[in-house]
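A.B. asks: For reference, this is query.cif, and it has mmCIF, C-alpha atoms.
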```cif
data_work
loop_
_atom_site.group_PDB
_atom_site.id
_atom_site.type_symbol
_atom_site.label_atom_id
_atom_site.label_comp_id
_atom_site.auth_asym_id
_atom_site.auth_seq_id
_atom_site.Cartn_x
_atom_site.Cartn_y
_atom_site.Cartn_z
ATOM 1 C CA MET A 226 15.208 -18.558 8.705
ATOM 2 C CA THR A 227 15.879 -20.815 5.725
ATOM 3 C CA ALA A 228 12.165 -20.874 4.887
ATOM 4 C CA ILE A 229 11.997 -17.053 4.868
ATOM 5 C CA LEU A 230 15.029 -16.867 2.568
ATOM 6 C CA GLU A 231 13.484 -19.396 0.180
ATOM 7 C CA ILE A 232 10.189 -17.473 0.024
ATOM 8 C CA SER A 233 12.058 -14.179 -0.397
ATOM 9 C CA ALA A 234 14.189 -15.624 -3.210
ATOM 10 C CA GLN A 235 11.050 -16.852 -4.957
ATOM 11 C CA ASN A 236 9.565 -13.366 -4.733
ATOM 12 C CA ILE A 237 12.721 -11.586 -5.904
ATOM 13 C CA LEU A 238 13.164 -13.926 -8.874
ATOM 14 C CA SER A 239 9.628 -13.333 -10.167
ATOM 15 C CA PRO A 240 9.391 -11.237 -13.392
ATOM 16 C CA PRO A 241 7.673 -8.172 -11.809
ATOM 17 C CA ILE A 242 10.332 -7.824 -9.090
ATOM 18 C CA LEU A 243 13.179 -8.367 -11.543
ATOM 19 C CA PHE A 244 11.812 -5.516 -13.653
ATOM 20 C CA PHE A 245 11.751 -3.337 -10.525
ATOM 21 C CA ILE A 246 15.430 -4.222 -9.952
ATOM 22 C CA LEU A 247 16.177 -3.375 -13.585
ATOM 23 C CA GLY A 248 14.623 0.061 -13.149
ATOM 24 C CA LEU A 249 16.510 0.611 -9.888
ATOM 25 C CA PHE A 250 19.789 -0.380 -11.536
ATOM 26 C CA ALA A 251 19.159 1.842 -14.553
ATOM 27 C CA SER A 252 18.432 4.806 -12.307
ATOM 28 C CA ARG A 253 21.551 4.356 -10.181
ATOM 29 C CA MET A 254 23.655 3.966 -13.346
ATOM 30 C CA ARG A 255 22.151 7.227 -14.642
ATOM 31 C CA SER A 256 20.783 5.550 -17.743
ATOM 32 C CA ASP A 257 18.583 7.562 -20.066
ATOM 33 C CA LEU A 258 15.893 4.893 -19.732
ATOM 34 C CA GLU A 259 12.651 6.585 -18.709
ATOM 35 C CA ILE A 260 8.898 6.059 -18.799
ATOM 36 C CA PRO A 261 6.888 9.116 -19.925
ATOM 37 C CA PRO A 262 4.721 10.433 -17.069
ATOM 38 C CA ALA A 263 1.537 9.983 -19.083
ATOM 39 C CA VAL A 264 2.382 6.320 -19.683
ATOM 40 C CA GLY A 265 3.175 5.773 -15.998
ATOM 41 C CA LYS A 266 -0.143 7.328 -15.028
ATOM 42 C CA ALA A 267 -1.990 5.118 -17.520
ATOM 43 C CA LEU A 268 -0.270 2.015 -16.118
ATOM 44 C CA SER A 269 -1.236 2.922 -12.547
ATOM 45 C CA TYR A 270 -4.830 3.551 -13.629
ATOM 46 C CA TYR A 271 -4.946 0.154 -15.317
ATOM 47 C CA LEU A 272 -3.734 -1.583 -12.144
ATOM 48 C CA LEU A 273 -6.276 0.311 -10.018
ATOM 49 C CA LEU A 274 -9.074 -0.594 -12.423
ATOM 50 C CA VAL A 275 -8.154 -4.279 -12.530
ATOM 51 C CA ILE A 276 -7.577 -4.799 -8.819
ATOM 52 C CA GLY A 277 -10.774 -2.894 -8.001
ATOM 53 C CA PHE A 278 -12.859 -4.743 -10.568
ATOM 54 C CA LYS A 279 -11.559 -8.164 -9.502
ATOM 55 C CA GLY A 280 -12.282 -7.374 -5.861
ATOM 56 C CA GLY A 281 -15.834 -6.283 -6.694
ATOM 57 C CA VAL A 282 -16.463 -9.492 -8.619
ATOM 58 C CA GLU A 283 -15.162 -11.524 -5.689
ATOM 59 C CA LEU A 284 -17.386 -9.609 -3.265
ATOM 60 C CA ASN A 285 -20.365 -10.232 -5.535
ATOM 61 C CA ALA A 286 -19.708 -13.934 -5.109
ATOM 62 C CA SER A 287 -19.179 -13.620 -1.341
ATOM 63 C CA GLU A 288 -21.936 -13.956 1.192
ATOM 64 C CA LEU A 289 -22.566 -10.830 3.257
ATOM 65 C CA ASN A 290 -21.887 -12.052 6.772
ATOM 66 C CA LEU A 291 -20.414 -11.050 10.105
ATOM 67 C CA ARG A 292 -16.867 -11.980 9.008
ATOM 68 C CA LEU A 293 -17.033 -9.543 6.103
ATOM 69 C CA LEU A 294 -18.370 -6.731 8.294
ATOM 70 C CA ASN A 295 -15.753 -7.431 10.972
ATOM 71 C CA SER A 296 -13.038 -7.343 8.314
ATOM 72 C CA LEU A 297 -14.155 -3.920 7.080
ATOM 73 C CA VAL A 298 -14.200 -2.607 10.656
ATOM 74 C CA ALA A 299 -10.707 -4.045 11.200
ATOM 75 C CA ALA A 300 -9.448 -2.125 8.149
ATOM 76 C CA LEU A 301 -10.860 1.146 9.502
ATOM 77 C CA PHE A 302 -9.388 0.434 12.926
ATOM 78 C CA ALA A 303 -5.906 -0.246 11.537
ATOM 79 C CA SER A 304 -5.979 2.874 9.367
ATOM 80 C CA ALA A 305 -6.855 5.031 12.396
ATOM 81 C CA VAL A 306 -4.439 3.441 14.893
ATOM 82 C CA LEU A 307 -1.286 3.095 12.777
ATOM 83 C CA PRO A 308 -0.880 6.870 12.203
ATOM 84 C CA LEU A 309 -1.054 7.396 15.976
ATOM 85 C CA ILE A 310 1.699 4.812 16.534
ATOM 86 C CA GLY A 311 3.807 6.289 13.767
ATOM 87 C CA TYR A 312 3.356 9.833 15.050
ATOM 88 C CA VAL A 313 4.580 8.951 18.544
ATOM 89 C CA LEU A 314 7.589 7.050 17.190
ATOM 90 C CA LEU A 315 8.560 9.874 14.843
ATOM 91 C CA ARG A 316 8.313 12.486 17.593
ATOM 92 C CA VAL A 317 10.258 10.419 20.156
ATOM 93 C CA THR A 318 12.886 8.528 18.135
ATOM 94 C CA ALA A 319 13.442 10.668 15.030
ATOM 95 C CA ARG A 320 12.585 14.012 16.698
ATOM 96 C CA ILE A 321 10.544 15.145 13.721
ATOM 97 C CA ASP A 322 8.469 18.302 14.185
ATOM 98 C CA ARG A 323 4.733 17.962 14.802
ATOM 99 C CA VAL A 324 3.512 18.868 11.297
ATOM 100 C CA ASN A 325 5.911 16.612 9.400
ATOM 101 C CA ALA A 326 5.514 13.773 11.894
ATOM 102 C CA ALA A 327 1.738 13.949 11.340
ATOM 103 C CA ALA A 328 2.151 14.047 7.558
ATOM 104 C CA ILE A 329 4.543 11.078 7.495
ATOM 105 C CA SER A 330 2.357 9.060 9.871
ATOM 106 C CA ALA A 331 -0.624 9.614 7.553
ATOM 107 C CA HIS A 332 1.357 7.955 4.761
ATOM 108 C CA TYR A 333 1.975 4.927 6.997
ATOM 109 C CA GLY A 334 -1.646 4.595 8.047
ATOM 110 C CA SER A 335 -2.720 4.581 4.415
ATOM 111 C CA VAL A 336 -1.770 1.963 1.827
ATOM 112 C CA SER A 337 0.332 1.350 -1.266
ATOM 113 C CA VAL A 338 -1.752 -0.118 -4.083
ATOM 114 C CA VAL A 339 1.387 -1.238 -5.938
ATOM 115 C CA THR A 340 2.667 -3.161 -2.905
ATOM 116 C CA PHE A 341 -0.774 -4.755 -2.600
ATOM 117 C CA VAL A 342 -0.703 -5.765 -6.274
ATOM 118 C CA ALA A 343 2.802 -7.225 -5.878
ATOM 119 C CA ALA A 344 1.561 -9.194 -2.862
ATOM 120 C CA THR A 345 -1.398 -10.606 -4.828
ATOM 121 C CA ALA A 346 1.042 -11.724 -7.524
ATOM 122 C CA PHE A 347 3.206 -13.353 -4.841
ATOM 123 C CA LEU A 348 0.215 -15.201 -3.381
ATOM 124 C CA GLY A 349 -0.706 -16.342 -6.880
ATOM 125 C CA LEU A 350 2.743 -17.876 -7.318
ATOM 126 C CA ASN A 351 2.273 -19.692 -4.022
ATOM 127 C CA ASP A 352 -1.287 -20.844 -4.825
ATOM 128 C CA ALA A 353 -2.576 -19.043 -1.731
ATOM 129 C CA PRO A 354 -6.215 -17.911 -2.174
ATOM 130 C CA TYR A 355 -7.551 -14.815 -0.440
ATOM 131 C CA GLU A 356 -10.863 -13.048 0.082
ATOM 132 C CA GLY A 357 -11.856 -10.733 -2.768
ATOM 133 C CA TYR A 358 -13.198 -8.111 -0.399
ATOM 134 C CA LEU A 359 -9.624 -7.266 0.659
ATOM 135 C CA VAL A 360 -9.907 -4.608 -2.067
ATOM 136 C CA ALA A 361 -12.790 -3.000 -0.176
ATOM 137 C CA MET A 362 -10.656 -3.049 2.954
ATOM 138 C CA MET A 363 -7.828 -1.397 1.004
ATOM 139 C CA ALA A 364 -10.129 1.375 -0.224
ATOM 140 C CA LEU A 365 -11.392 2.023 3.306
ATOM 141 C CA MET A 366 -7.856 2.493 4.625
ATOM 142 C CA GLU A 367 -7.148 5.670 2.658
ATOM 143 C CA ALA A 368 -9.308 8.381 4.223
ATOM 144 C CA PRO A 369 -9.064 7.605 7.993
ATOM 145 C CA ALA A 370 -5.271 7.835 7.947
ATOM 146 C CA ILE A 371 -5.380 11.193 6.180
ATOM 147 C CA ILE A 372 -7.956 12.585 8.620
ATOM 148 C CA ILE A 373 -5.979 11.394 11.675
ATOM 149 C CA GLY A 374 -2.773 12.875 10.253
ATOM 150 C CA LEU A 375 -4.409 16.244 9.655
ATOM 151 C CA VAL A 376 -5.949 16.349 13.129
ATOM 152 C CA LEU A 377 -2.542 15.580 14.647
ATOM 153 C CA ALA A 378 -0.896 18.293 12.542
ATOM 154 C CA LYS A 379 -3.447 20.913 13.519
ATOM 155 C CA GLY A 380 -3.222 20.111 17.220
ATOM 156 C CA GLY A 381 -6.738 18.714 17.417
ATOM 157 C CA GLN A 382 -8.357 21.865 16.015
ATOM 158 C CA GLY A 383 -9.319 20.325 12.680
ATOM 159 C CA ARG A 384 -12.273 22.367 11.488
ATOM 160 C CA ARG A 385 -10.664 23.061 8.133
ATOM 161 C CA ILE A 386 -10.137 19.384 7.309
ATOM 162 C CA PHE A 387 -13.827 19.004 6.484
ATOM 163 C CA SER A 388 -13.848 21.824 3.970
ATOM 164 C CA PRO A 389 -15.356 21.035 0.541
ATOM 165 C CA SER A 390 -11.933 21.181 -1.130
ATOM 166 C CA PHE A 391 -10.491 18.632 1.309
ATOM 167 C CA VAL A 392 -13.449 16.261 0.944
ATOM 168 C CA ARG A 393 -13.206 16.515 -2.833
ATOM 169 C CA GLU A 394 -9.431 15.860 -2.777
ATOM 170 C CA VAL A 395 -9.708 12.794 -0.555
ATOM 171 C CA PHE A 396 -12.898 11.106 -1.693
ATOM 172 C CA PHE A 397 -13.078 12.180 -5.330
ATOM 173 C CA GLY A 398 -9.388 12.157 -6.300
ATOM 174 C CA GLY A 399 -8.699 10.174 -9.449
ATOM 175 C CA THR A 400 -6.908 7.201 -7.870
ATOM 176 C CA LEU A 401 -9.371 6.561 -5.051
ATOM 177 C CA LEU A 402 -12.404 7.234 -7.241
ATOM 178 C CA LEU A 403 -11.173 4.813 -9.920
ATOM 179 C CA LEU A 404 -10.422 2.133 -7.331
ATOM 180 C CA ILE A 405 -13.806 2.415 -5.587
ATOM 181 C CA GLY A 406 -15.693 2.900 -8.853
ATOM 182 C CA SER A 407 -14.122 -0.177 -10.462
ATOM 183 C CA PHE A 408 -14.862 -2.131 -7.321
ATOM 184 C CA GLY A 409 -18.501 -1.054 -7.485
ATOM 185 C CA ILE A 410 -18.798 -1.994 -11.166
ATOM 186 C CA GLY A 411 -17.291 -5.419 -10.454
ATOM 187 C CA TRP A 412 -19.680 -5.853 -7.524
ATOM 188 C CA ILE A 413 -22.715 -4.952 -9.668
ATOM 189 C CA THR A 414 -21.799 -7.030 -12.726
ATOM 190 C CA GLY A 415 -20.235 -10.044 -10.947
ATOM 191 C CA GLY A 416 -19.338 -13.131 -12.983
ATOM 192 C CA ARG A 417 -21.087 -11.762 -16.081
ATOM 193 C CA GLY A 418 -18.850 -8.692 -15.959
ATOM 194 C CA MET A 419 -15.704 -10.757 -15.460
ATOM 195 C CA GLU A 420 -16.577 -12.892 -18.475
ATOM 196 C CA ALA A 421 -16.956 -9.760 -20.601
ATOM 197 C CA MET A 422 -13.740 -8.169 -19.242
ATOM 198 C CA ALA A 423 -11.546 -11.282 -19.035
ATOM 199 C CA GLY A 424 -9.389 -10.412 -22.038
ATOM 200 C CA PHE A 425 -8.582 -6.993 -20.603
ATOM 201 C CA VAL A 426 -8.418 -7.856 -16.912
ATOM 202 C CA LYS A 427 -6.645 -11.226 -16.790
ATOM 203 C CA VAL A 428 -4.253 -11.629 -19.727
ATOM 204 C CA PRO A 429 -2.324 -8.304 -19.765
ATOM 205 C CA PHE A 430 -2.146 -7.916 -15.973
ATOM 206 C CA THR A 431 1.298 -9.401 -15.277
ATOM 207 C CA GLY A 432 2.893 -7.646 -18.237
ATOM 208 C CA VAL A 433 1.483 -4.260 -17.215
ATOM 209 C CA LEU A 434 2.609 -4.871 -13.626
ATOM 210 C CA CYS A 435 6.156 -5.548 -14.882
ATOM 211 C CA PHE A 436 6.131 -2.330 -16.915
ATOM 212 C CA PHE A 437 4.803 -0.335 -13.963
ATOM 213 C CA LEU A 438 7.365 -1.763 -11.524
ATOM 214 C CA LEU A 439 10.091 -0.870 -14.025
ATOM 215 C CA GLU A 440 8.922 2.744 -13.712
ATOM 216 C CA MET A 441 8.756 2.433 -9.916
ATOM 217 C CA GLY A 442 12.340 1.177 -9.887
ATOM 218 C CA LEU A 443 13.458 4.196 -11.904
ATOM 219 C CA LEU A 444 11.634 6.561 -9.545
ATOM 220 C CA THR A 445 12.868 4.818 -6.388
ATOM 221 C CA GLY A 446 16.474 5.045 -7.538
ATOM 222 C CA LYS A 447 16.134 8.809 -7.869
ATOM 223 C CA LYS A 448 14.630 9.149 -4.369
ATOM 224 C CA LEU A 449 17.169 7.043 -2.460
ATOM 225 C CA SER A 450 19.723 9.831 -2.102
ATOM 226 C CA ASP A 451 17.113 12.250 -0.712
ATOM 227 C CA ILE A 452 16.523 10.219 2.428
ATOM 228 C CA LYS A 453 20.130 10.699 3.551
ATOM 229 C CA LYS A 454 19.389 14.339 4.266
ATOM 230 C CA ALA A 455 16.793 13.436 6.901
ATOM 231 C CA GLY A 456 19.125 11.328 9.068
ATOM 232 C CA ILE A 457 19.463 7.716 10.099
ATOM 233 C CA HIS A 458 16.597 7.718 12.615
ATOM 234 C CA LEU A 459 14.030 8.608 9.969
ATOM 235 C CA ALA A 460 15.433 5.988 7.595
ATOM 236 C CA LEU A 461 15.192 3.372 10.346
ATOM 237 C CA PHE A 462 11.559 4.338 10.887
ATOM 238 C CA GLY A 463 10.939 3.382 7.267
ATOM 239 C CA LEU A 464 12.209 -0.111 8.090
ATOM 240 C CA TYR A 465 10.687 -0.898 11.486
ATOM 241 C CA MET A 466 7.316 0.805 11.011
ATOM 242 C CA PRO A 467 6.241 -1.671 8.277
ATOM 243 C CA ILE A 468 7.146 -4.550 10.600
ATOM 244 C CA ILE A 469 4.929 -3.027 13.314
ATOM 245 C CA GLY A 470 2.134 -2.497 10.791
ATOM 246 C CA GLY A 471 2.549 -6.023 9.433
ATOM 247 C CA ALA A 472 2.254 -7.477 12.934
ATOM 248 C CA VAL A 473 -0.928 -5.464 13.540
ATOM 249 C CA GLY A 474 -2.357 -6.717 10.247
ATOM 250 C CA ILE A 475 -1.557 -10.356 10.994
ATOM 251 C CA LEU A 476 -3.182 -10.200 14.413
ATOM 252 C CA LEU A 477 -6.272 -8.418 13.079
ATOM 253 C CA GLY A 478 -6.600 -10.819 10.149
ATOM 254 C CA ALA A 479 -6.439 -13.867 12.394
ATOM 255 C CA PHE A 480 -8.849 -12.245 14.868
ATOM 256 C CA VAL A 481 -11.583 -11.540 12.288
ATOM 257 C CA GLY A 482 -11.184 -14.949 10.642
ATOM 258 C CA LEU A 483 -9.487 -14.147 7.338
ATOM 259 C CA SER A 484 -7.773 -16.950 5.424
ATOM 260 C CA GLN A 485 -3.997 -17.295 5.435
ATOM 261 C CA GLY A 486 -3.767 -15.455 2.129
ATOM 262 C CA GLY A 487 -6.204 -12.777 3.285
ATOM 263 C CA THR A 488 -4.307 -12.287 6.538
ATOM 264 C CA THR A 489 -1.066 -11.902 4.592
ATOM 265 C CA LEU A 490 -2.659 -9.252 2.384
ATOM 266 C CA LEU A 491 -4.024 -7.351 5.373
ATOM 267 C CA ALA A 492 -0.523 -7.425 6.867
ATOM 268 C CA VAL A 493 0.851 -6.028 3.605
ATOM 269 C CA LEU A 494 -1.749 -3.247 3.618
ATOM 270 C CA CYS A 495 -0.928 -2.314 7.207
ATOM 271 C CA ALA A 496 2.811 -2.444 6.473
ATOM 272 C CA SER A 497 2.745 -0.349 3.298
ATOM 273 C CA ALA A 498 2.937 3.410 2.933
ATOM 274 C CA SER A 499 0.986 5.547 0.474
ATOM 275 C CA TYR A 500 2.837 7.624 -2.107
ATOM 276 C CA ILE A 501 -0.106 8.433 -4.385
ATOM 277 C CA VAL A 502 -3.370 9.273 -2.597
ATOM 278 C CA VAL A 503 -1.965 10.755 0.642
ATOM 279 C CA PRO A 504 0.585 13.091 -1.017
ATOM 280 C CA ALA A 505 -2.165 14.347 -3.336
ATOM 281 C CA ALA A 506 -4.451 15.081 -0.385
ATOM 282 C CA LEU A 507 -1.824 16.658 1.863
ATOM 283 C CA ARG A 508 -0.473 18.877 -0.877
ATOM 284 C CA HIS A 509 -3.526 21.117 -0.445
ATOM 285 C CA ALA A 510 -4.763 20.261 3.046
ATOM 286 C CA LEU A 511 -1.344 20.520 4.729
ATOM 287 C CA PRO A 512 0.910 22.635 2.487
ATOM 288 C CA GLU A 513 3.356 23.374 5.333
ATOM 289 C CA ALA A 514 4.455 19.710 5.444
ATOM 290 C CA ASN A 515 7.697 18.879 3.620
ATOM 291 C CA PRO A 516 7.129 16.161 0.959
ATOM 292 C CA ALA A 517 10.917 15.718 0.649
ATOM 293 C CA LEU A 518 10.722 13.777 3.933
ATOM 294 C CA SER A 519 7.661 11.596 3.393
ATOM 295 C CA MET A 520 7.992 10.673 -0.283
ATOM 296 C CA PRO A 521 11.593 9.380 -0.264
ATOM 297 C CA LEU A 522 10.862 7.479 2.963
ATOM 298 C CA ALA A 523 7.743 5.763 1.615
ATOM 299 C CA LEU A 524 9.083 5.188 -1.878
ATOM 300 C CA GLY A 525 12.838 4.823 -1.324
ATOM 301 C CA VAL A 526 12.901 2.824 1.933
ATOM 302 C CA THR A 527 9.588 1.172 2.833
ATOM 303 C CA PHE A 528 8.489 0.204 -0.669
ATOM 304 C CA PRO A 529 11.688 -1.716 -1.555
ATOM 305 C CA PHE A 530 11.782 -3.259 1.936
ATOM 306 C CA ASN A 531 8.272 -4.631 1.516
ATOM 307 C CA ILE A 532 8.920 -5.861 -2.015
ATOM 308 C CA PHE A 533 12.136 -7.723 -1.215
ATOM 309 C CA ILE A 534 11.724 -8.709 2.440
ATOM 310 C CA GLY A 535 8.360 -7.660 3.884
ATOM 311 C CA ILE A 536 5.924 -9.649 1.716
ATOM 312 C CA PRO A 537 7.758 -12.979 2.198
ATOM 313 C CA LEU A 538 8.224 -12.194 5.898
ATOM 314 C CA TYR A 539 4.518 -11.486 6.511
ATOM 315 C CA TYR A 540 3.569 -14.613 4.535
ATOM 316 C CA TYR A 541 5.930 -16.758 6.610
ATOM 317 C CA ALA A 542 4.791 -15.214 9.909
ATOM 318 C CA THR A 543 1.157 -15.819 8.932
ATOM 319 C CA GLN A 544 1.960 -19.443 8.098
ATOM 320 C CA LYS A 545 3.512 -19.963 11.513
ATOM 321 C CA LEU A 546 0.622 -18.272 13.331
ATOM 322 C CA PHE A 547 -1.962 -20.398 11.524
ATOM 323 C CA GLU A 548 0.030 -23.558 12.328
ATOM 324 C CA PHE A 549 0.018 -22.531 15.995
ATOM 325 C CA LEU A 550 -3.703 -21.773 15.966
#
```
Rewrite the coordinates I just gave you, this time as structure tokens.
C.D. replies:
Amino acid sequence: MTAILEISAQNILSPPILFFILGLFASRMRSDLEIPPAVGKALSYYLLLVIGFKGGVELNASELNLRLLNSLVAALFASAVLPLIGYVLLRVTARIDRVNAAAISAHYGSVSVVTFVAATAFLGLNDAPYEGYLVAMMALMEAPAIIIGLVLAKGGQGRRIFSPSFVREVFFGGTLLLLIGSFGIGWITGGRGMEAMAGFVKVPFTGVLCFFLLEMGLLTGKKLSDIKKAGIHLALFGLYMPIIGGAVGILLGAFVGLSQGGTTLLAVLCASASYIVVPAALRHALPEANPALSMPLALGVTFPFNIFIGIPLYYYATQKLFEFL
């Protein structure tokens, strides 16, 4: 327990997390501090570009082997299974209706890029290397969760989910396209590309992450009160579902042979909840779902839990599993 608290304290006292706390505090104190939406969007695009590009460069340097292929399959498997687990839990414990349970579960089968970025920063502080192709795994975990959620919402009669508008929203939305496109450019250009982009990709990264997490803190503070309307059972789901997802990620990571850092990151991906790509897709594909339930849960409960407690917890659990193995 002491080890977990020490790792958690190290994470909380890092500059990016302290800026998140500052934003949260400012929001709760009703400060007039705010980040213009256009600036927040630019910050998120920068993070997507950098994390995608870095992952592509790392994959360029990685040998295409069975471990890599198994890892990509594991990401698809997790993204398809976690929404099913979440859907059952929401229907049984929180008594959420079918459509909203499906929509919320899609968020929890998909991933949070910001949580992933925070986890990479945490691993950097702990000198824990990880496989660069985790970014490819992250990109693969977006679409399956959305498709499973829509099939669940439509009672298995999902003909409309493959309409051109849905495919365009999911696969060619700005966030996912930028992430995959940057990954592809990094993969093509490799070390030569990283050398050319180093001044843009490496030096400003931590500062931009701090600025972005300041905005996320402001937004989270505004969403916290909304979750009270949904009841305690839904709020609890936002706390125990990431632990279930994290456990799935740790087991899958160890099974396919990822490193300790890579296994931790896969756990973080499985434990996080999307509040960018999935809401954008469901807004058109499932308009009857209520975003006032899913967004505050993902952003106001699960995101802070993972930032303050989840990331150190998954790292510690992975350490213990690797010591046992």
A.B. asks: What does the PyMOL selection byres ((chain A and resi 249-253) around 9) select in this file, as a ChimeraX atom specification?
C.D. replies: /A:244-248,254-259,439-447
A.B. asks: Of the residues A:Gly478, A:Gly311, A:Gly487, A:Gly357, which is the one nearest to Ile276 (chain A), using only C-alpha atoms?
C.D. replies: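 Closest residue, counting only C-alpha atoms: A:Gly357.
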A.B. asks: Can you work out the spacing between CA of Leu490 (chain A) and CA of Val473 (chain A) in Å, to one decimal?
C.D. replies: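 These atoms are spaced 11.9 Å apart.
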A.B. asks: Considering all atoms listed in the file, can you say which of A:Gly482, A:Pro262, A:Gly415, A:Pro512 comes closest to Ala328 (chain A)?
C.D. replies: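 Ranking A:Gly482, A:Pro262, A:Gly415, A:Pro512 by distance to Ala328 (chain A), first place goes to A:Pro512.
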A.B. asks: For Gln544 (chain A), find every residue with an atom within 12 Å (counting all atoms listed in the file), except residues of its own chain fewer than 2 positions away, and show them as a list in words.
C.D. replies: Ala228, Ile229, Ile232, Ala353, Ile475, Ala479, Ser484, Gln485, Gly486, Gly487, Thr488, Thr489, Pro537, Leu538, Tyr539, Tyr540, Tyr541, Ala542, Leu546, Phe547, Glu548, Phe549 and Leu550 of chain A
A.B. asks: So what do you get for CA of Leu483 (chain A) versus CA of Arg292 (chain A), distance-wise?
C.D. replies: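 CA of Leu483 (chain A) sits 7.9 Å away from CA of Arg292 (chain A).
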A.B. asks: With distances taken over all atoms listed in the file, which of A:Ser330, A:Ser296, A:Ser269, A:Ser335 is nearest to Leu359 (chain A)?
C.D. replies: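 Answer, going by the shortest atom-to-atom distance: A:Ser296.
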A.B. asks: If you take all atoms listed in the file and a cut-off of 12 Å, which residues of region 484-534 of chain A touch region 367-376 of chain A, and what are their nearest atom pairs and distances in Å to one decimal, in chain and number order, as a Markdown table?
C.D. replies:
```
| residue | atom | partner | partner_atom | distance |
| --- | --- | --- | --- | --- |
| A:Leu494 | CA | A:Glu367 | CA | 10.5 |
| A:Cys495 | CA | A:Ala370 | CA | 11.1 |
| A:Ser497 | CA | A:Glu367 | CA | 11.6 |
| A:Ala498 | CA | A:Glu367 | CA | 10.3 |
| A:Ser499 | CA | A:Glu367 | CA | 8.4 |
| A:Tyr500 | CA | A:Glu367 | CA | 11.2 |
| A:Ile501 | CA | A:Glu367 | CA | 10.3 |
| A:Val502 | CA | A:Glu367 | CA | 7.4 |
| A:Val503 | CA | A:Ile371 | CA | 6.5 |
| A:Pro504 | CA | A:Ile371 | CA | 9.5 |
| A:Ala505 | CA | A:Ile371 | CA | 10.5 |
| A:Ala506 | CA | A:Ile371 | CA | 7.7 |
| A:Leu507 | CA | A:Ile371 | CA | 7.8 |
| A:Arg508 | CA | A:Ile371 | CA | 11.5 |
| A:His509 | CA | A:Leu375 | CA | 11.2 |
| A:Ala510 | CA | A:Leu375 | CA | 7.7 |
| A:Leu511 | CA | A:Leu375 | CA | 7.2 |
| A:Pro512 | CA | A:Leu375 | CA | 11.0 |
| A:Glu513 | CA | A:Leu375 | CA | 11.4 |
| A:Ala514 | CA | A:Leu375 | CA | 10.4 |
```
A.B. asks: Could you check how far CA of Asn351 (chain A) sits from CA of Val433 (chain A), in Å to one decimal?
C.D. replies: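 Computed distance, CA of Asn351 (chain A) to CA of Val433 (chain A), equals 20.3 Å.
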A.B. asks: Do a neighbour search on Leu274 (chain A) at 12 Å with only C-alpha atoms, toss out local chain neighbours closer than 2 positions, and write the hits as a PyMOL selection string.
C.D. replies: chain A and resi 267-272+276-281+338+342+360+399-411+422+425-427+430
A.B. asks: Could you take the residues named above and write them with C-alpha atoms, as a PDB file, keeping the file's coordinate frame?
C.D. replies:
```
ATOM      1  CA  ALA A 267      -1.990   5.118 -17.520  1.00  0.00           C
ATOM      2  CA  LEU A 268      -0.270   2.015 -16.118  1.00  0.00           C
ATOM      3  CA  SER A 269      -1.236   2.922 -12.547  1.00  0.00           C
ATOM      4  CA  TYR A 270      -4.830   3.551 -13.629  1.00  0.00           C
ATOM      5  CA  TYR A 271      -4.946   0.154 -15.317  1.00  0.00           C
ATOM      6  CA  LEU A 272      -3.734  -1.583 -12.144  1.00  0.00           C
ATOM      7  CA  ILE A 276      -7.577  -4.799  -8.819  1.00  0.00           C
ATOM      8  CA  GLY A 277     -10.774  -2.894  -8.001  1.00  0.00           C
ATOM      9  CA  PHE A 278     -12.859  -4.743 -10.568  1.00  0.00           C
ATOM     10  CA  LYS A 279     -11.559  -8.164  -9.502  1.00  0.00           C
ATOM     11  CA  GLY A 280     -12.282  -7.374  -5.861  1.00  0.00           C
ATOM     12  CA  GLY A 281     -15.834  -6.283  -6.694  1.00  0.00           C
ATOM     13  CA  VAL A 338      -1.752  -0.118  -4.083  1.00  0.00           C
ATOM     14  CA  VAL A 342      -0.703  -5.765  -6.274  1.00  0.00           C
ATOM     15  CA  VAL A 360      -9.907  -4.608  -2.067  1.00  0.00           C
ATOM     16  CA  GLY A 399      -8.699  10.174  -9.449  1.00  0.00           C
ATOM     17  CA  THR A 400      -6.908   7.201  -7.870  1.00  0.00           C
ATOM     18  CA  LEU A 401      -9.371   6.561  -5.051  1.00  0.00           C
ATOM     19  CA  LEU A 402     -12.404   7.234  -7.241  1.00  0.00           C
ATOM     20  CA  LEU A 403     -11.173   4.813  -9.920  1.00  0.00           C
ATOM     21  CA  LEU A 404     -10.422   2.133  -7.331  1.00  0.00           C
ATOM     22  CA  ILE A 405     -13.806   2.415  -5.587  1.00  0.00           C
ATOM     23  CA  GLY A 406     -15.693   2.900  -8.853  1.00  0.00           C
ATOM     24  CA  SER A 407     -14.122  -0.177 -10.462  1.00  0.00           C
ATOM     25  CA  PHE A 408     -14.862  -2.131  -7.321  1.00  0.00           C
ATOM     26  CA  GLY A 409     -18.501  -1.054  -7.485  1.00  0.00           C
ATOM     27  CA  ILE A 410     -18.798  -1.994 -11.166  1.00  0.00           C
ATOM     28  CA  GLY A 411     -17.291  -5.419 -10.454  1.00  0.00           C
ATOM     29  CA  MET A 422     -13.740  -8.169 -19.242  1.00  0.00           C
ATOM     30  CA  PHE A 425      -8.582  -6.993 -20.603  1.00  0.00           C
ATOM     31  CA  VAL A 426      -8.418  -7.856 -16.912  1.00  0.00           C
ATOM     32  CA  LYS A 427      -6.645 -11.226 -16.790  1.00  0.00           C
ATOM     33  CA  PHE A 430      -2.146  -7.916 -15.973  1.00  0.00           C
TER      34      PHE A 430
END
```
A.B. asks: Give the answer as one residue: which of A:Phe528, A:Val282, A:Ile452, A:Pro240 has the shortest atom-to-atom distance to Ala423 (chain A), using only C-alpha atoms?
C.D. replies: A:Val282
